[in-house]
file query-v4.cif (mmCIF, C-alpha atoms)
data_model
loop_
_atom_site.label_atom_id
_atom_site.label_comp_id
_atom_site.auth_asym_id
_atom_site.auth_seq_id
_atom_site.Cartn_x
_atom_site.Cartn_y
_atom_site.Cartn_z
CA MET X 1008 0.00 0.00 0.00
CA PHE X 1009 2.75 2.47 0.95
CA THR X 1010 4.69 1.78 -2.26
CA ARG X 1011 1.53 2.22 -4.29
CA ILE X 1012 0.82 5.59 -2.65
CA VAL X 1013 4.35 6.89 -3.15
CA THR X 1014 4.65 5.68 -6.73
CA SER X 1015 1.30 7.15 -7.74
CA ALA X 1016 2.11 10.46 -6.03
CA LEU X 1017 5.50 10.78 -7.71
CA PHE X 1018 4.06 10.31 -11.20
CA ALA X 1019 0.93 12.40 -10.62
CA GLY X 1020 2.72 15.23 -8.84
CA ALA X 1021 5.58 15.45 -11.31
CA ALA X 1022 3.23 15.52 -14.32
CA ALA X 1023 0.82 18.08 -12.84
CA GLY X 1024 3.67 20.15 -11.40
CA LEU X 1025 5.48 20.34 -14.72
CA ILE X 1026 2.37 21.58 -16.51
CA ALA X 1027 1.62 24.06 -13.71
CA ALA X 1028 5.19 25.36 -13.79
CA LEU X 1029 5.10 25.97 -17.52
CA LEU X 1030 1.78 27.79 -17.20
CA GLN X 1031 3.19 29.91 -14.37
CA LEU X 1032 6.27 30.82 -16.36
CA TYR X 1033 4.14 32.03 -19.24
CA PHE X 1034 1.21 33.66 -17.46
CA VAL X 1035 2.24 34.52 -13.87
CA GLN X 1036 5.97 35.21 -13.85
CA PRO X 1037 5.78 38.17 -16.30
CA VAL X 1038 3.21 39.82 -14.02
CA LEU X 1039 5.48 39.33 -11.00
CA LEU X 1040 8.52 40.71 -12.82
CA HIS X 1041 6.45 43.67 -14.01
CA ALA X 1042 5.32 44.37 -10.44
CA GLU X 1043 8.93 44.22 -9.23
CA LEU X 1044 9.77 47.13 -11.53
CA TYR X 1045 7.36 49.27 -9.50
CA GLU X 1046 8.54 47.81 -6.20
CA THR X 1047 12.17 48.75 -6.92
CA GLY X 1048 11.27 52.22 -8.23
CA ALA X 1049 12.33 51.51 -11.80
CA LEU X 1050 8.77 52.47 -12.75
CA VAL X 1051 6.52 54.93 -10.95
CA HIS X 1052 2.75 54.70 -10.95
CA PHE X 1053 0.62 57.85 -10.73
CA GLY X 1054 3.60 59.95 -11.78
CA GLY X 1055 3.63 63.00 -13.97
CA ASP X 1056 4.13 60.99 -17.16
CA ALA X 1057 1.99 58.05 -18.19
CA VAL X 1058 3.75 54.68 -17.97
CA SER X 1059 3.20 52.08 -20.65
CA ALA X 1060 1.37 48.95 -19.51
CA HIS X 1061 3.67 46.89 -21.74
CA GLN X 1062 7.16 46.55 -20.30
CA ASP X 1063 10.16 44.40 -21.22
CA VAL X 1064 10.60 42.09 -18.22
CA GLY X 1065 13.41 40.03 -19.70
CA GLY X 1066 13.57 36.65 -21.34
CA ILE X 1067 14.28 33.17 -20.11
CA ASP X 1068 16.69 32.78 -17.19
CA PRO X 1069 17.76 29.10 -17.24
CA LEU X 1070 18.76 28.95 -13.56
CA ARG X 1071 15.79 30.88 -12.18
CA ASP X 1072 13.22 29.24 -14.43
CA GLY X 1073 14.73 25.77 -14.01
CA LEU X 1074 14.60 26.06 -10.22
CA SER X 1075 11.05 27.36 -10.45
CA ILE X 1076 10.00 24.32 -12.48
CA LEU X 1077 11.75 21.93 -10.09
CA PHE X 1078 10.25 23.56 -7.00
CA THR X 1079 6.73 23.51 -8.48
CA MET X 1080 7.07 19.83 -9.34
CA LEU X 1081 8.17 19.09 -5.78
CA VAL X 1082 5.27 21.08 -4.32
CA TYR X 1083 2.68 19.28 -6.41
CA THR X 1084 4.28 15.93 -5.64
CA GLY X 1085 3.68 16.77 -1.99
CA TYR X 1086 0.09 17.73 -2.76
CA ALA X 1087 -0.38 14.49 -4.71
CA LEU X 1088 1.00 12.49 -1.78
CA ILE X 1089 -1.59 14.01 0.56
CA LEU X 1090 -4.37 13.60 -2.01
CA ILE X 1091 -3.59 9.95 -2.74
CA ALA X 1092 -3.30 9.14 0.96
CA ALA X 1093 -6.83 10.53 1.34
CA MET X 1094 -7.93 8.51 -1.69
CA ALA X 1095 -6.51 5.35 -0.13
CA PHE X 1096 -8.38 6.04 3.10
CA ALA X 1097 -11.61 6.60 1.18
CA GLU X 1098 -11.10 3.44 -0.85
CA ASN X 1099 -10.69 1.43 2.34
CA ARG X 1100 -14.15 2.69 3.30
CA GLY X 1101 -15.63 1.32 0.07
CA HIS X 1102 -15.26 4.26 -2.33
CA VAL X 1103 -13.91 3.56 -5.81
CA VAL X 1104 -11.20 5.94 -7.07
CA THR X 1105 -10.76 6.48 -10.81
CA ALA X 1106 -9.25 9.13 -13.05
CA ARG X 1107 -12.71 10.58 -13.68
CA ASN X 1108 -13.70 11.06 -10.06
CA GLY X 1109 -10.11 12.05 -9.36
CA ILE X 1110 -11.04 15.33 -11.06
CA ILE X 1111 -13.54 15.93 -8.24
CA TRP X 1112 -10.78 15.21 -5.72
CA GLY X 1113 -8.63 17.76 -7.51
CA ILE X 1114 -11.36 20.40 -7.39
CA ALA X 1115 -11.69 19.75 -3.66
CA GLY X 1116 -7.94 20.25 -3.30
CA PHE X 1117 -8.17 23.58 -5.12
CA VAL X 1118 -10.97 24.76 -2.86
CA ILE X 1119 -9.01 23.77 0.25
CA VAL X 1120 -5.56 25.10 -0.64
CA HIS X 1121 -6.27 28.00 -2.97
CA PHE X 1122 -9.85 29.24 -2.94
CA ALA X 1123 -10.68 29.00 0.78
CA PRO X 1124 -7.69 31.03 2.05
CA GLY X 1125 -7.60 33.23 -1.07
CA PHE X 1126 -11.23 34.28 -0.57
CA THR X 1127 -10.07 36.63 2.20
CA LEU X 1128 -6.26 36.59 1.91
CA ALA X 1129 -5.86 37.08 -1.83
CA PRO X 1130 -2.64 36.33 -3.75
CA GLU X 1131 -0.40 39.42 -3.65
CA VAL X 1132 2.18 40.89 -5.99
CA PRO X 1133 5.45 42.30 -4.58
CA GLY X 1134 5.28 45.80 -3.16
CA VAL X 1135 1.73 45.83 -1.82
CA ALA X 1136 0.88 46.57 1.81
CA ALA X 1137 0.48 43.43 3.92
CA ALA X 1138 0.14 42.38 7.55
CA ASP X 1139 2.82 40.52 9.49
CA VAL X 1140 3.88 37.43 7.55
CA TYR X 1141 3.76 35.11 10.59
CA GLU X 1142 0.21 36.16 11.43
CA ARG X 1143 -0.83 35.56 7.83
CA GLN X 1144 0.83 32.13 7.82
CA ILE X 1145 -1.00 31.11 10.99
CA TRP X 1146 -4.32 32.25 9.52
CA TRP X 1147 -3.57 30.52 6.20
CA PHE X 1148 -2.76 27.14 7.78
CA ALA X 1149 -5.78 27.36 10.08
CA THR X 1150 -8.04 28.15 7.12
CA VAL X 1151 -6.66 25.28 5.04
CA ALA X 1152 -7.10 22.87 7.97
CA THR X 1153 -10.71 23.89 8.62
CA ALA X 1154 -11.50 23.82 4.89
CA ALA X 1155 -10.03 20.32 4.55
CA LEU X 1156 -12.17 19.06 7.43
CA ALA X 1157 -15.22 20.82 6.02
CA VAL X 1158 -14.79 19.33 2.55
CA TRP X 1159 -14.34 15.87 4.08
CA LEU X 1160 -17.55 16.29 6.08
CA ILE X 1161 -19.44 17.42 2.97
CA ALA X 1162 -18.17 14.47 0.95
CA PHE X 1163 -18.47 11.72 3.55
CA GLY X 1164 -20.84 13.08 6.17
CA ARG X 1165 -24.11 11.18 6.46
CA ASN X 1166 -26.41 13.70 8.10
CA TRP X 1167 -27.28 17.38 8.34
CA LEU X 1168 -25.26 17.75 11.53
CA ALA X 1169 -22.05 16.94 9.64
CA TRP X 1170 -22.97 19.19 6.73
CA GLY X 1171 -23.93 22.03 9.06
CA ALA X 1172 -20.61 21.71 10.87
CA ALA X 1173 -18.87 21.87 7.48
CA VAL X 1174 -20.57 25.17 6.65
CA VAL X 1175 -19.50 26.62 10.00
CA LEU X 1176 -15.92 25.47 9.45
CA LEU X 1177 -15.83 27.02 5.98
CA LEU X 1178 -17.19 30.36 7.17
CA ALA X 1179 -15.41 30.71 10.52
CA PRO X 1180 -11.96 31.91 9.31
CA HIS X 1181 -13.55 34.53 7.06
CA VAL X 1182 -15.95 35.75 9.74
CA ILE X 1183 -12.96 36.11 12.09
CA GLY X 1184 -11.02 37.76 9.26
CA ALA X 1185 -7.46 37.54 7.99
CA PRO X 1186 -4.70 39.82 9.31
CA GLU X 1187 -4.69 43.13 7.45
CA PRO X 1188 -2.16 45.99 7.27
CA ASP X 1189 -2.78 49.15 9.28
CA GLN X 1190 -3.14 51.08 6.05
CA PHE X 1191 -3.27 50.27 2.35
CA SER X 1192 -0.37 51.54 0.29
CA GLY X 1193 2.08 50.42 -2.34
CA PRO X 1194 3.59 51.48 -5.64
CA VAL X 1195 2.14 48.67 -7.77
CA PRO X 1196 -0.89 49.43 -9.99
CA THR X 1197 -4.04 47.69 -8.84
CA GLU X 1198 -4.53 46.33 -12.37
CA LEU X 1199 -1.39 44.21 -11.97
CA GLY X 1200 -2.55 42.95 -8.59
CA ALA X 1201 -5.93 41.95 -10.01
CA LEU X 1202 -4.34 40.21 -13.01
CA PHE X 1203 -1.94 38.32 -10.75
CA ALA X 1204 -4.71 37.12 -8.43
CA ALA X 1205 -6.89 36.01 -11.36
CA ARG X 1206 -4.09 34.09 -13.04
CA ALA X 1207 -2.90 32.55 -9.77
CA PHE X 1208 -6.41 31.22 -9.12
CA GLY X 1209 -6.85 30.06 -12.71
CA ILE X 1210 -3.58 28.17 -12.90
CA GLY X 1211 -4.13 26.78 -9.42
CA ALA X 1212 -7.48 25.37 -10.53
CA VAL X 1213 -5.98 23.79 -13.64
CA ALA X 1214 -3.06 22.34 -11.68
CA TRP X 1215 -5.29 20.81 -9.02
CA VAL X 1216 -7.70 19.31 -11.56
CA LEU X 1217 -4.72 17.72 -13.31
CA THR X 1218 -3.31 16.53 -9.98
CA GLY X 1219 -6.59 14.82 -9.17
CA LEU X 1220 -6.88 13.37 -12.68
CA PHE X 1221 -3.34 11.98 -12.69
CA ALA X 1222 -3.61 10.79 -9.09
CA GLY X 1223 -6.77 8.84 -9.84
CA HIS X 1224 -5.26 7.43 -13.03
CA PHE X 1225 -1.98 6.25 -11.51
CA TRP X 1226 -3.68 5.00 -8.35
CA ARG X 1227 -6.04 2.85 -10.41
CA ARG X 1228 -3.21 1.69 -12.69
CA GLU X 1229 -1.10 0.56 -9.74
CA ALA X 1230 -4.12 -1.23 -8.28
CA ASP X 1231 -4.70 -3.11 -11.52
CA ARG X 1232 -1.05 -4.15 -11.59
CA GLU X 1233 -1.28 -5.57 -8.08
CA ALA X 1234 -4.51 -7.42 -8.88
#

call {"tool": "encode", "arguments": {"input": "query-v4.cif", "output": "structure tokens"}}
result
Amino acid sequence: MFTRIVTSALFAGAAAGLIAALLQLYFVQPVLLHAELYETGALVHFGGDAVSAHQDVGGIDPLRDGLSILFTMLVYTGYALILIAAMAFAENRGHVVTARNGIIWGIAGFVIVHFAPGFTLAPEVPGVAAADVYERQIWWFATVATAALAVWLIAFGRNWLAWGAAVVLLLAPHVIGAPEPDQFSGPVPTELGALFAARAFGIGAVAWVLTGLFAGHFWRREADREA
């Protein structure tokens, strides 16, 4: 069982992570590099002269981009390991895991890791005002934990009590609120921040759907081999 989990996670995470990394390099990294020009003062927003929205942010950096791809593959391998462990637990309770319903598992992962915390603590570009990083990390991990429990209760709960508890768990972190800065400031145009958040959510959704799809596929393939 352990070998099956690890093998499936390695293949699923590497495949999904590679695709996610390539999407990030094309769609997200240019936005980050553009925002850094404002953060460093190379560009000034709301200045006397209008600044072009189209800036040269450089080409491919083999070391930077290669490390980014490697790190993303490692991250999604970790996600796949957690996802497949949950799949194995569900299968032991009588649920059948396939590539098709793996997509649903992937959507659940996106909701837990990206959408739930990002609903109140949105993805941020460099240079924007933000609260203390440790406070934000604590809130982020707490929100992910409560969202994971809530999604599990929605999926496998058998009565309204479980589903009601799931709703409370989903809402609680946002009712309490995420840490916020004392005042809003920053040199980066809001248009860049909005574009970054939208693309981060979009690519996160694609990556998690692929993670679930690949996880379900490789998990079922390894099961058929052992049969």

call {"tool": "residues_around", "arguments": {"input": "query-v4.cif", "residues": "range 1210-1226 of chain X", "least_positions_apart": "5", "cutoff": "7 Å", "atoms": "only C-alpha atoms", "output": "list in words"}}
result
Ser1015, Ala1016, Ala1019, Gly1020, Ala1023, Ala1027, Leu1030, Ala1087, Ile1091, Val1104, Thr1105, Ala1106, Arg1107, Gly1109, Ile1110, Trp1112, Gly1113, Ile1114, Gly1116, Phe1117 and His1121 of chain X

call {"tool": "resolve_selection", "arguments": {"input": "query-v4.cif", "expression": "the PyMOL selection byres ((chain X and resi 1137) around 8)", "output": "list in words"}}
result
Val1135, Ala1136, Ala1138, Asp1139, Val1140, Glu1187, Pro1188 and Phe1191 of chain X

call {"tool": "atom_distance", "arguments": {"input": "query-v4.cif", "atom1": "CA of Phe1208 in chain X", "atom2": "CA of Trp1170 in chain X"}}
result
25.9 Å

call {"tool": "closest_residue", "arguments": {"input": "query-v4.cif", "among": "X:Val1064, X:Ala1115, X:Leu1050, X:Ala1179", "to": "Leu1160 in chain X", "atoms": "all atoms listed in the file"}}
result
X:Ala1115

call {"tool": "residues_around", "arguments": {"input": "query-v4.cif", "residues": "Thr1047 in chain X", "least_positions_apart": "4", "cutoff": "9 Å", "atoms": "only C-alpha atoms", "output": "list in words"}}
result
Ala1042, Glu1043 and Gly1134 of chain X

call {"tool": "axis_aligned_box", "arguments": {"input": "query-v4.cif", "around": "range 1085-1104 of chain X", "padding_each_side": "4 Å", "output": "AutoDock Vina command-line options"}}
result
--center_x -6.0 --center_y 9.5 --center_z -1.9 --size_x 27.3 --size_y 24.4 --size_z 18.4

call {"tool": "atom_distance", "arguments": {"input": "query-v4.cif", "atom1": "CA of Val1195 in chain X", "atom2": "CA of Ala1028 in chain X"}}
result
24.3 Å

call {"tool": "atom_distance", "arguments": {"input": "query-v4.cif", "atom1": "CA of Gly1101 in chain X", "atom2": "CA of Ala1022 in chain X"}}
result
27.6 Å

call {"tool": "residues_around", "arguments": {"input": "query-v4.cif", "residues": "Gly1065 in chain X", "least_positions_apart": "5", "cutoff": "10 Å", "atoms": "only C-alpha atoms", "output": "ChimeraX atom specification"}}
result
/X:1037,1040-1041

call {"tool": "write_last_selection", "arguments": {"input": "query-v4.cif", "atoms": "C-alpha atoms", "output": "mmCIF file, in the frame of the given file"}}
result
data_model
loop_
_atom_site.group_PDB
_atom_site.id
_atom_site.type_symbol
_atom_site.label_atom_id
_atom_site.label_comp_id
_atom_site.auth_asym_id
_atom_site.auth_seq_id
_atom_site.Cartn_x
_atom_site.Cartn_y
_atom_site.Cartn_z
ATOM 1 C CA PRO X 1037 5.780 38.170 -16.300
ATOM 2 C CA LEU X 1040 8.520 40.710 -12.820
ATOM 3 C CA HIS X 1041 6.450 43.670 -14.010
#

call {"tool": "resolve_selection", "arguments": {"input": "query-v4.cif", "expression": "the PyMOL selection byres ((chain X and resi 1066) around 12)", "output": "count of residues only"}}
result
14

call {"tool": "residues_around", "arguments": {"input": "query-v4.cif", "residues": "range 1142-1152 of chain X", "least_positions_apart": "4", "cutoff": "12 Å", "atoms": "only C-alpha atoms", "output": "ChimeraX atom specification"}}
result
/X:1115-1130,1137-1138,1156-1159,1173,1175-1188

call {"tool": "closest_residue", "arguments": {"input": "query-v4.cif", "among": "X:Ala1154, X:Leu1025, X:Phe1009, X:Tyr1141", "to": "Leu1077 in chain X", "atoms": "all atoms listed in the file"}}
result
X:Leu1025
